[in-house]
file target-v7.cif (mmCIF, C-alpha atoms and all ligand atoms)
data_my_file
#
loop_
_atom_site.group_PDB
_atom_site.id
_atom_site.type_symbol
_atom_site.label_atom_id
_atom_site.label_comp_id
_atom_site.auth_asym_id
_atom_site.auth_seq_id
_atom_site.Cartn_x
_atom_site.Cartn_y
_atom_site.Cartn_z
ATOM 1 C CA MET A 1 12.101 22.787 9.430
ATOM 2 C CA ARG A 2 14.719 25.482 8.842
ATOM 3 C CA ARG A 3 18.202 24.412 7.754
ATOM 4 C CA VAL A 4 20.752 25.597 10.385
ATOM 5 C CA LYS A 5 23.876 26.054 8.283
ATOM 6 C CA ALA A 6 25.340 23.740 5.666
ATOM 7 C CA SER A 7 28.100 21.602 7.169
ATOM 8 C CA ARG A 8 31.534 21.249 5.617
ATOM 9 C CA ALA A 9 31.955 17.795 7.159
ATOM 10 C CA ARG A 10 34.063 15.531 4.947
ATOM 11 C CA LEU A 11 32.747 12.080 4.013
ATOM 12 C CA ARG A 12 35.218 9.203 4.274
ATOM 13 C CA ALA A 13 35.388 5.479 4.960
ATOM 14 C CA PHE A 14 34.923 4.312 8.556
ATOM 15 C CA ARG A 15 38.128 3.704 10.550
ATOM 16 C CA ILE A 16 38.294 1.670 13.725
ATOM 17 C CA GLU A 17 39.190 4.870 15.666
ATOM 18 C CA ASP A 18 35.649 6.127 14.813
ATOM 19 C CA ALA A 19 34.037 3.369 16.882
ATOM 20 C CA ALA A 20 33.632 5.517 20.026
ATOM 21 C CA ASP A 21 32.079 8.407 18.042
ATOM 22 C CA VAL A 22 29.700 6.003 16.301
ATOM 23 C CA CYS A 23 28.603 4.632 19.684
ATOM 24 C CA ARG A 24 28.041 8.171 21.002
ATOM 25 C CA ILE A 25 25.651 8.761 18.074
ATOM 26 C CA TYR A 26 23.954 5.334 18.199
ATOM 27 C CA PRO A 27 24.990 3.173 21.179
ATOM 28 C CA MET A 28 23.529 -0.071 19.787
ATOM 29 C CA PHE A 29 25.194 0.176 16.373
ATOM 30 C CA PHE A 30 27.760 -2.578 16.786
ATOM 31 C CA VAL A 31 25.288 -4.811 18.614
ATOM 32 C CA ASP A 32 22.608 -4.464 15.923
ATOM 33 C CA ASN A 33 25.064 -4.887 13.068
ATOM 34 C CA ALA A 34 27.554 -7.372 14.495
ATOM 35 C CA ILE A 35 26.402 -10.149 12.165
ATOM 36 C CA ASP A 36 25.101 -8.137 9.253
ATOM 37 C CA ILE A 37 28.024 -5.801 8.657
ATOM 38 C CA LYS A 38 29.895 -8.393 6.536
ATOM 39 C CA GLY A 39 30.030 -7.068 2.984
ATOM 40 C CA GLY A 40 28.531 -3.765 4.064
ATOM 41 C CA ARG A 41 30.098 -0.380 3.597
ATOM 42 C CA LEU A 42 30.212 2.168 6.400
ATOM 43 C CA THR A 43 30.895 5.823 5.575
ATOM 44 C CA VAL A 44 31.237 8.567 8.160
ATOM 45 C CA ALA A 45 30.875 12.349 8.040
ATOM 46 C CA ASP A 46 34.008 13.769 9.632
ATOM 47 C CA ALA A 47 33.857 17.233 11.223
ATOM 48 C CA ASP A 48 37.288 18.307 12.480
ATOM 49 C CA GLY A 49 38.395 14.729 13.071
ATOM 50 C CA ARG A 50 35.208 13.637 14.798
ATOM 51 C CA ALA A 51 32.666 11.296 13.194
ATOM 52 C CA VAL A 52 29.347 13.148 13.479
ATOM 53 C CA GLY A 53 27.229 10.931 11.244
ATOM 54 C CA PHE A 54 27.349 7.671 9.353
ATOM 55 C CA VAL A 55 25.593 5.553 6.766
ATOM 56 C CA LEU A 56 25.774 1.774 6.343
ATOM 57 C CA TRP A 57 24.596 -0.081 3.255
ATOM 58 C CA ALA A 58 25.120 -3.660 2.104
ATOM 59 C CA PRO A 59 24.505 -5.708 -1.017
ATOM 60 C CA ALA A 60 21.626 -8.156 -0.584
ATOM 61 C CA LEU A 61 22.255 -11.874 -0.717
ATOM 62 C CA GLU A 62 18.708 -12.871 -1.691
ATOM 63 C CA PRO A 63 16.357 -11.956 -4.575
ATOM 64 C CA ALA A 64 14.249 -8.796 -4.248
ATOM 65 C CA TRP A 65 10.967 -10.658 -3.585
ATOM 66 C CA PHE A 66 9.162 -7.304 -3.245
ATOM 67 C CA ASP A 67 10.353 -6.082 -6.680
ATOM 68 C CA PRO A 68 10.424 -8.946 -9.215
ATOM 69 C CA GLY A 69 12.961 -8.549 -11.984
ATOM 70 C CA VAL A 70 15.524 -6.658 -9.924
ATOM 71 C CA GLU A 71 18.677 -8.758 -9.771
ATOM 72 C CA GLY A 72 21.508 -7.227 -7.736
ATOM 73 C CA TRP A 73 20.225 -4.836 -5.101
ATOM 74 C CA ALA A 74 21.419 -3.146 -1.947
ATOM 75 C CA GLU A 75 19.848 -2.113 1.315
ATOM 76 C CA LEU A 76 20.551 1.105 3.164
ATOM 77 C CA GLN A 77 20.632 -0.248 6.698
ATOM 78 C CA GLU A 78 21.620 2.616 8.990
ATOM 79 C CA LEU A 79 21.665 6.403 8.764
ATOM 80 C CA HIS A 80 22.429 8.542 11.809
ATOM 81 C CA VAL A 81 23.637 12.079 12.404
ATOM 82 C CA HIS A 82 24.575 13.386 15.835
ATOM 83 C CA PRO A 83 21.770 15.687 17.095
ATOM 84 C CA GLU A 84 24.133 18.681 17.285
ATOM 85 C CA PHE A 85 24.887 18.301 13.557
ATOM 86 C CA GLN A 86 21.409 17.621 12.193
ATOM 87 C CA ASN A 87 19.602 19.818 9.620
ATOM 88 C CA ARG A 88 22.847 20.849 7.927
ATOM 89 C CA GLY A 89 22.576 18.524 4.941
ATOM 90 C CA ILE A 90 24.888 15.809 6.324
ATOM 91 C CA GLY A 91 22.237 13.066 6.289
ATOM 92 C CA THR A 92 21.362 13.790 2.654
ATOM 93 C CA ARG A 93 25.030 13.784 1.647
ATOM 94 C CA LEU A 94 25.558 10.445 3.378
ATOM 95 C CA VAL A 95 22.547 8.953 1.567
ATOM 96 C CA ARG A 96 23.823 10.252 -1.764
ATOM 97 C CA ALA A 97 27.247 8.735 -1.037
ATOM 98 C CA ALA A 98 25.658 5.345 -0.277
ATOM 99 C CA ILE A 99 23.697 5.480 -3.544
ATOM 100 C CA ARG A 100 26.854 6.333 -5.506
ATOM 101 C CA GLN A 101 28.806 3.537 -3.855
ATOM 102 C CA ALA A 102 26.090 0.936 -4.499
ATOM 103 C CA ARG A 103 25.798 2.032 -8.127
ATOM 104 C CA GLY A 104 29.576 1.753 -8.458
ATOM 105 C CA ALA A 105 29.408 -1.762 -6.993
ATOM 106 C CA GLY A 106 27.030 -2.773 -9.783
ATOM 107 C CA CYS A 107 23.775 -2.780 -7.799
ATOM 108 C CA GLU A 108 20.620 -2.126 -9.801
ATOM 109 C CA ALA A 109 18.549 -0.612 -7.015
ATOM 110 C CA MET A 110 18.765 0.352 -3.350
ATOM 111 C CA TYR A 111 15.906 -0.017 -0.859
ATOM 112 C CA LEU A 112 15.326 1.001 2.729
ATOM 113 C CA GLU A 113 12.565 0.974 5.297
ATOM 114 C CA THR A 114 11.685 3.813 7.621
ATOM 115 C CA GLU A 115 8.843 4.879 9.889
ATOM 116 C CA GLU A 116 6.103 6.943 8.269
ATOM 117 C CA SER A 117 6.425 9.420 11.160
ATOM 118 C CA ASN A 118 10.180 9.987 10.679
ATOM 119 C CA GLY A 119 9.893 13.266 8.785
ATOM 120 C CA ALA A 120 13.600 14.163 8.863
ATOM 121 C CA ALA A 121 14.709 10.767 7.546
ATOM 122 C CA ARG A 122 12.060 10.723 4.830
ATOM 123 C CA ARG A 123 13.018 14.218 3.725
ATOM 124 C CA ALA A 124 16.728 13.279 3.561
ATOM 125 C CA TYR A 125 15.963 10.094 1.577
ATOM 126 C CA GLU A 126 13.657 11.906 -0.839
ATOM 127 C CA LYS A 127 16.125 14.764 -1.374
ATOM 128 C CA ALA A 128 18.700 12.111 -2.329
ATOM 129 C CA GLY A 129 16.313 10.590 -4.878
ATOM 130 C CA PHE A 130 14.459 7.789 -3.055
ATOM 131 C CA ARG A 131 10.762 7.406 -3.863
ATOM 132 C CA GLN A 132 8.187 5.329 -2.014
ATOM 133 C CA HIS A 133 8.108 1.798 -3.463
ATOM 134 C CA ASN A 134 5.502 -0.014 -1.356
ATOM 135 C CA ARG A 135 3.993 0.090 2.137
ATOM 136 C CA LEU A 136 4.421 -2.358 5.003
ATOM 137 C CA VAL A 137 1.679 -2.891 7.576
ATOM 138 C CA ARG A 138 2.522 -3.712 11.221
ATOM 139 C CA TYR A 139 -0.145 -5.956 12.839
ATOM 140 C CA LYS A 140 -0.587 -6.421 16.569
ATOM 141 C CA VAL A 141 -2.663 -8.644 18.819
ATOM 142 C CA ARG A 142 -2.906 -8.028 22.580
ATOM 143 C CA LEU A 143 -1.873 -11.081 24.617
HETATM 144 C C1 LIG X 201 17.401 11.203 9.775
HETATM 145 C C2 LIG X 201 18.698 11.958 10.006
HETATM 146 C C3 LIG X 201 19.854 11.042 9.715
HETATM 147 C C4 LIG X 201 18.740 13.177 9.054
HETATM 148 O O1 LIG X 201 20.020 13.761 9.155
HETATM 149 P P1 LIG X 201 20.257 15.324 8.847
HETATM 150 O O2 LIG X 201 21.697 15.544 8.727
HETATM 151 O O3 LIG X 201 19.517 16.151 9.807
HETATM 152 O O4 LIG X 201 19.556 15.433 7.395
HETATM 153 P P2 LIG X 201 19.553 16.687 6.379
HETATM 154 O O5 LIG X 201 19.978 17.928 7.080
HETATM 155 O O6 LIG X 201 20.304 16.290 5.158
HETATM 156 O O7 LIG X 201 18.025 16.756 5.949
HETATM 157 C C5 LIG X 201 16.999 16.763 6.905
HETATM 158 C C6 LIG X 201 15.768 17.393 6.274
HETATM 159 O O8 LIG X 201 14.628 17.051 7.074
HETATM 160 C C7 LIG X 201 13.986 18.236 7.464
HETATM 161 N N1 LIG X 201 13.354 17.957 8.753
HETATM 162 C C8 LIG X 201 13.913 17.958 9.968
HETATM 163 N N2 LIG X 201 13.001 17.584 10.897
HETATM 164 C C9 LIG X 201 11.865 17.320 10.203
HETATM 165 C C10 LIG X 201 10.574 16.865 10.573
HETATM 166 N N3 LIG X 201 10.256 16.606 11.857
HETATM 167 N N4 LIG X 201 9.637 16.685 9.617
HETATM 168 C C11 LIG X 201 9.931 16.929 8.309
HETATM 169 N N5 LIG X 201 11.142 17.339 7.892
HETATM 170 C C12 LIG X 201 12.096 17.530 8.842
HETATM 171 C C13 LIG X 201 15.061 19.303 7.495
HETATM 172 O O9 LIG X 201 14.542 20.595 7.406
HETATM 173 C C14 LIG X 201 15.845 18.906 6.245
HETATM 174 O O10 LIG X 201 15.168 19.292 5.068
HETATM 175 P P3 LIG X 201 15.611 20.626 4.212
HETATM 176 O O11 LIG X 201 17.036 20.444 3.833
HETATM 177 O O12 LIG X 201 14.689 20.640 3.066
HETATM 178 O O13 LIG X 201 15.426 21.781 5.157
HETATM 179 C C15 LIG X 201 18.795 12.474 11.475
HETATM 180 O O14 LIG X 201 17.640 13.227 11.755
HETATM 181 C C16 LIG X 201 18.943 11.363 12.505
HETATM 182 O O15 LIG X 201 20.052 10.906 12.782
HETATM 183 N N6 LIG X 201 17.803 10.891 13.087
HETATM 184 C C17 LIG X 201 17.838 9.833 14.083
HETATM 185 C C18 LIG X 201 18.137 8.487 13.464
HETATM 186 C C19 LIG X 201 17.140 8.134 12.380
HETATM 187 O O16 LIG X 201 15.942 8.331 12.514
HETATM 188 N N7 LIG X 201 17.669 7.546 11.278
HETATM 189 C C20 LIG X 201 16.893 7.098 10.164
HETATM 190 C C21 LIG X 201 16.356 5.746 10.459
HETATM 191 S S1 LIG X 201 15.490 5.094 9.057
#
call {"tool": "encode", "arguments": {"input": "target-v7.cif", "output": "structure tokens"}}
result
Amino acid sequence: MRRVKASRARLRAFRIEDAADVCRIYPMFFVDNAIDIKGGRLTVADADGRAVGFVLWAPALEPAWFDPGVEGWAELQELHVHPEFQNRGIGTRLVRAAIRQARGAGCEAMYLETEESNGAARRAYEKAGFRQHNRLVRYKVRL
């Protein structure tokens, strides 16, 4: 897919005034993360005072059972960019910021899960340095 035009959006920490913008991008954000957000770090991409994208990561509280030997690790939990601002490099910048922050917090590794079919997300993660670690299989039985 062709890059539209690199965005000059500024990355900064989430402020409570961003809540409405975040909900416009992803309406269920505060419902999905109401319990989990403790200890997490939310960074927004600010374009002219409006939050147009965000990333949330958090340090894990349990051992990395899927990667023995890794002690302190973090999970990238949410990454969203408003459709009007996609394909301008904002998602990749947000992922890079999350990686930097987690490294600075002393985490040894960061993990995330995404759908195989989510080409844009996978491209943004891989541009920021993520590499496939393992594969999950979703089973189903008709009831
Ligand atoms: C995933 C998402 C955050 C990416 O944000 P973004 O700002 O568009 O990301 P970037 O511009 O940094 O990079 C996107 C890359 O994917 C590419 N791309 C876009 N659509 C694509 C597709 N269908 N298949 C493959 N690559 C695609 C772009 O060309 C770009 O790569 P390039 O820089 O080499 O040209 C955004 O698409 C989004 O919010 N999606 C909905 C929410 C979501 O799926 N979040 C991830 C959940 S795990």
call {"tool": "atom_distance", "arguments": {"input": "target-v7.cif", "atom1": "CA of Gly129 (chain A)", "atom2": "CA of Arg93 (chain A)"}}
result
11.3 Å
call {"tool": "resolve_selection", "arguments": {"input": "target-v7.cif", "expression": "the PyMOL selection byres (((chain A and resi 24) around 12) and not hetatm)", "output": "list in words"}}
result
Asp18, Ala19, Ala20, Asp21, Val22, Cys23, Ile25, Tyr26, Pro27, Met28, Phe29, Phe30, Arg50, Ala51, Val52, Gly53, Phe54, His80, Val81, His82, Pro83 and Glu84 of chain A
call {"tool": "closest_atom_pairs", "arguments": {"input": "target-v7.cif", "of": "chain A", "to": "ligand LIG 201 (chain X)", "cutoff": "7 Å", "atoms": "only C-alpha atoms and all ligand atoms", "output": "tab-separated table"}}
result
residue	atom	partner	partner_atom	distance
A:Met1	CA	X:LIG201	O9	3.9
A:Arg2	CA	X:LIG201	O9	5.1
A:Arg3	CA	X:LIG201	O13	4.6
A:Glu78	CA	X:LIG201	C21	6.3
A:Leu79	CA	X:LIG201	N7	4.9
A:His80	CA	X:LIG201	O15	3.5
A:Val81	CA	X:LIG201	O15	3.8
A:His82	CA	X:LIG201	O15	6.0
A:Pro83	CA	X:LIG201	O15	6.7
A:Phe85	CA	X:LIG201	O2	6.4
A:Gln86	CA	X:LIG201	O3	3.4
A:Asn87	CA	X:LIG201	O5	3.2
A:Arg88	CA	X:LIG201	O5	4.2
A:Gly89	CA	X:LIG201	O6	3.2
A:Ile90	CA	X:LIG201	O2	4.0
A:Gly91	CA	X:LIG201	O2	3.5
A:Thr92	CA	X:LIG201	O6	3.7
A:Arg93	CA	X:LIG201	O6	6.4
A:Glu113	CA	X:LIG201	S1	6.3
A:Thr114	CA	X:LIG201	S1	4.3
A:Glu115	CA	X:LIG201	S1	6.7
A:Asn118	CA	X:LIG201	O16	6.3
A:Gly119	CA	X:LIG201	N4	3.5
A:Ala120	CA	X:LIG201	O8	3.5
A:Ala121	CA	X:LIG201	C1	3.5
A:Arg123	CA	X:LIG201	O8	4.7
A:Ala124	CA	X:LIG201	O7	4.4
call {"tool": "residues_around", "arguments": {"input": "target-v7.cif", "residues": "Gly72 (chain A)", "least_positions_apart": "3", "cutoff": "12 Å", "atoms": "all atoms listed in the file", "output": "list in words"}}
result
Ala58, Pro59, Ala60, Leu61, Glu62, Pro63, Ala64, Trp65, Asp67, Pro68, Gly69, Glu75, Ala102, Arg103, Ala105, Gly106, Cys107, Glu108, Ala109, Met110 and Tyr111 of chain A
call {"tool": "closest_residue", "arguments": {"input": "target-v7.cif", "among": "A:Val44, A:Ala97, A:Glu17, A:Glu116", "to": "Arg138 (chain A)", "atoms": "only C-alpha atoms"}}
result
A:Glu116
call {"tool": "closest_residue", "arguments": {"input": "target-v7.cif", "among": "A:Leu143, A:Leu76, A:Glu71, A:Gln101", "to": "Ala13 (chain A)", "atoms": "only C-alpha atoms"}}
result
A:Gln101
call {"tool": "decode", "arguments": {"input": "target-v7.cif", "residues": "region 19-53 of chain A", "atoms": "N, CA and C atoms", "output": "PDB file, in the first residue's frame"}}
result
ATOM      1  N   ALA A  19      -9.663  11.742  26.166  1.00  0.00           N
ATOM      2  CA  ALA A  19     -10.568  10.591  26.266  1.00  0.00           C
ATOM      3  C   ALA A  19     -11.597  10.558  25.124  1.00  0.00           C
ATOM      4  N   ALA A  20     -12.167  11.722  24.774  1.00  0.00           N
ATOM      5  CA  ALA A  20     -13.183  11.742  23.717  1.00  0.00           C
ATOM      6  C   ALA A  20     -12.568  11.355  22.370  1.00  0.00           C
ATOM      7  N   ASP A  21     -11.358  11.872  22.074  1.00  0.00           N
ATOM      8  CA  ASP A  21     -10.684  11.514  20.817  1.00  0.00           C
ATOM      9  C   ASP A  21     -10.400  10.012  20.774  1.00  0.00           C
ATOM     10  N   VAL A  22      -9.929   9.473  21.894  1.00  0.00           N
ATOM     11  CA  VAL A  22      -9.612   8.043  21.945  1.00  0.00           C
ATOM     12  C   VAL A  22     -10.874   7.227  21.656  1.00  0.00           C
ATOM     13  N   CYS A  23     -11.996   7.650  22.219  1.00  0.00           N
ATOM     14  CA  CYS A  23     -13.255   6.926  21.987  1.00  0.00           C
ATOM     15  C   CYS A  23     -13.730   7.059  20.541  1.00  0.00           C
ATOM     16  N   ARG A  24     -13.419   8.195  19.900  1.00  0.00           N
ATOM     17  CA  ARG A  24     -13.792   8.350  18.484  1.00  0.00           C
ATOM     18  C   ARG A  24     -12.993   7.373  17.619  1.00  0.00           C
ATOM     19  N   ILE A  25     -11.761   7.064  18.035  1.00  0.00           N
ATOM     20  CA  ILE A  25     -10.911   6.147  17.269  1.00  0.00           C
ATOM     21  C   ILE A  25     -11.313   4.699  17.573  1.00  0.00           C
ATOM     22  N   TYR A  26     -11.573   4.418  18.854  1.00  0.00           N
ATOM     23  CA  TYR A  26     -11.851   3.040  19.295  1.00  0.00           C
ATOM     24  C   TYR A  26     -12.850   3.114  20.453  1.00  0.00           C
ATOM     25  N   PRO A  27     -14.145   3.071  20.132  1.00  0.00           N
ATOM     26  CA  PRO A  27     -15.184   3.321  21.148  1.00  0.00           C
ATOM     27  C   PRO A  27     -15.095   2.430  22.381  1.00  0.00           C
ATOM     28  N   MET A  28     -14.599   1.211  22.250  1.00  0.00           N
ATOM     29  CA  MET A  28     -14.596   0.286  23.393  1.00  0.00           C
ATOM     30  C   MET A  28     -13.320   0.381  24.238  1.00  0.00           C
ATOM     31  N   PHE A  29     -12.455   1.340  23.931  1.00  0.00           N
ATOM     32  CA  PHE A  29     -11.143   1.343  24.595  1.00  0.00           C
ATOM     33  C   PHE A  29     -11.247   1.300  26.111  1.00  0.00           C
ATOM     34  N   PHE A  30     -12.027   2.202  26.688  1.00  0.00           N
ATOM     35  CA  PHE A  30     -12.037   2.281  28.153  1.00  0.00           C
ATOM     36  C   PHE A  30     -12.845   1.138  28.780  1.00  0.00           C
ATOM     37  N   VAL A  31     -13.704   0.514  27.988  1.00  0.00           N
ATOM     38  CA  VAL A  31     -14.411  -0.666  28.491  1.00  0.00           C
ATOM     39  C   VAL A  31     -13.442  -1.845  28.507  1.00  0.00           C
ATOM     40  N   ASP A  32     -12.742  -2.060  27.391  1.00  0.00           N
ATOM     41  CA  ASP A  32     -11.825  -3.202  27.296  1.00  0.00           C
ATOM     42  C   ASP A  32     -10.670  -3.096  28.277  1.00  0.00           C
ATOM     43  N   ASN A  33     -10.249  -1.877  28.586  1.00  0.00           N
ATOM     44  CA  ASN A  33      -9.030  -1.706  29.372  1.00  0.00           C
ATOM     45  C   ASN A  33      -9.279  -1.161  30.774  1.00  0.00           C
ATOM     46  N   ALA A  34     -10.531  -1.161  31.204  1.00  0.00           N
ATOM     47  CA  ALA A  34     -10.857  -0.555  32.493  1.00  0.00           C
ATOM     48  C   ALA A  34     -10.106  -1.220  33.646  1.00  0.00           C
ATOM     49  N   ILE A  35      -9.900  -2.524  33.559  1.00  0.00           N
ATOM     50  CA  ILE A  35      -9.239  -3.234  34.654  1.00  0.00           C
ATOM     51  C   ILE A  35      -7.741  -3.293  34.404  1.00  0.00           C
ATOM     52  N   ASP A  36      -7.404  -3.526  33.158  1.00  0.00           N
ATOM     53  CA  ASP A  36      -6.016  -3.806  32.781  1.00  0.00           C
ATOM     54  C   ASP A  36      -5.090  -2.602  32.798  1.00  0.00           C
ATOM     55  N   ILE A  37      -5.642  -1.397  32.685  1.00  0.00           N
ATOM     56  CA  ILE A  37      -4.802  -0.240  32.377  1.00  0.00           C
ATOM     57  C   ILE A  37      -3.823   0.087  33.509  1.00  0.00           C
ATOM     58  N   LYS A  38      -4.121  -0.426  34.726  1.00  0.00           N
ATOM     59  CA  LYS A  38      -3.220  -0.192  35.872  1.00  0.00           C
ATOM     60  C   LYS A  38      -1.780  -0.564  35.504  1.00  0.00           C
ATOM     61  N   GLY A  39      -0.862   0.360  35.691  1.00  0.00           N
ATOM     62  CA  GLY A  39       0.538   0.049  35.413  1.00  0.00           C
ATOM     63  C   GLY A  39       0.884   0.168  33.947  1.00  0.00           C
ATOM     64  N   GLY A  40      -0.112   0.389  33.114  1.00  0.00           N
ATOM     65  CA  GLY A  40       0.141   0.514  31.677  1.00  0.00           C
ATOM     66  C   GLY A  40       0.513   1.939  31.314  1.00  0.00           C
ATOM     67  N   ARG A  41       1.009   2.100  30.113  1.00  0.00           N
ATOM     68  CA  ARG A  41       1.401   3.439  29.679  1.00  0.00           C
ATOM     69  C   ARG A  41       0.745   3.727  28.333  1.00  0.00           C
ATOM     70  N   LEU A  42       0.007   4.824  28.297  1.00  0.00           N
ATOM     71  CA  LEU A  42      -0.771   5.181  27.109  1.00  0.00           C
ATOM     72  C   LEU A  42      -0.154   6.424  26.481  1.00  0.00           C
ATOM     73  N   THR A  43       0.239   6.316  25.221  1.00  0.00           N
ATOM     74  CA  THR A  43       0.858   7.422  24.496  1.00  0.00           C
ATOM     75  C   THR A  43      -0.022   7.751  23.300  1.00  0.00           C
ATOM     76  N   VAL A  44      -0.219   9.031  23.047  1.00  0.00           N
ATOM     77  CA  VAL A  44      -1.049   9.424  21.911  1.00  0.00           C
ATOM     78  C   VAL A  44      -0.198  10.133  20.859  1.00  0.00           C
ATOM     79  N   ALA A  45      -0.690  10.103  19.619  1.00  0.00           N
ATOM     80  CA  ALA A  45      -0.124  10.928  18.545  1.00  0.00           C
ATOM     81  C   ALA A  45      -1.040  12.136  18.431  1.00  0.00           C
ATOM     82  N   ASP A  46      -0.465  13.306  18.605  1.00  0.00           N
ATOM     83  CA  ASP A  46      -1.233  14.550  18.656  1.00  0.00           C
ATOM     84  C   ASP A  46      -1.023  15.316  17.352  1.00  0.00           C
ATOM     85  N   ALA A  47      -2.105  15.530  16.605  1.00  0.00           N
ATOM     86  CA  ALA A  47      -2.036  16.332  15.380  1.00  0.00           C
ATOM     87  C   ALA A  47      -2.864  17.586  15.615  1.00  0.00           C
ATOM     88  N   ASP A  48      -2.202  18.713  15.764  1.00  0.00           N
ATOM     89  CA  ASP A  48      -2.882  19.994  15.990  1.00  0.00           C
ATOM     90  C   ASP A  48      -3.838  19.933  17.179  1.00  0.00           C
ATOM     91  N   GLY A  49      -3.388  19.318  18.256  1.00  0.00           N
ATOM     92  CA  GLY A  49      -4.192  19.301  19.480  1.00  0.00           C
ATOM     93  C   GLY A  49      -5.219  18.200  19.539  1.00  0.00           C
ATOM     94  N   ARG A  50      -5.260  17.357  18.520  1.00  0.00           N
ATOM     95  CA  ARG A  50      -6.248  16.274  18.509  1.00  0.00           C
ATOM     96  C   ARG A  50      -5.497  14.943  18.550  1.00  0.00           C
ATOM     97  N   ALA A  51      -5.923  14.039  19.428  1.00  0.00           N
ATOM     98  CA  ALA A  51      -5.302  12.714  19.478  1.00  0.00           C
ATOM     99  C   ALA A  51      -5.819  11.908  18.287  1.00  0.00           C
ATOM    100  N   VAL A  52      -4.907  11.494  17.409  1.00  0.00           N
ATOM    101  CA  VAL A  52      -5.318  10.792  16.187  1.00  0.00           C
ATOM    102  C   VAL A  52      -4.843   9.337  16.200  1.00  0.00           C
ATOM    103  N   GLY A  53      -4.157   8.947  17.249  1.00  0.00           N
ATOM    104  CA  GLY A  53      -3.711   7.564  17.371  1.00  0.00           C
ATOM    105  C   GLY A  53      -3.192   7.341  18.769  1.00  0.00           C
TER     106      GLY A  53
END
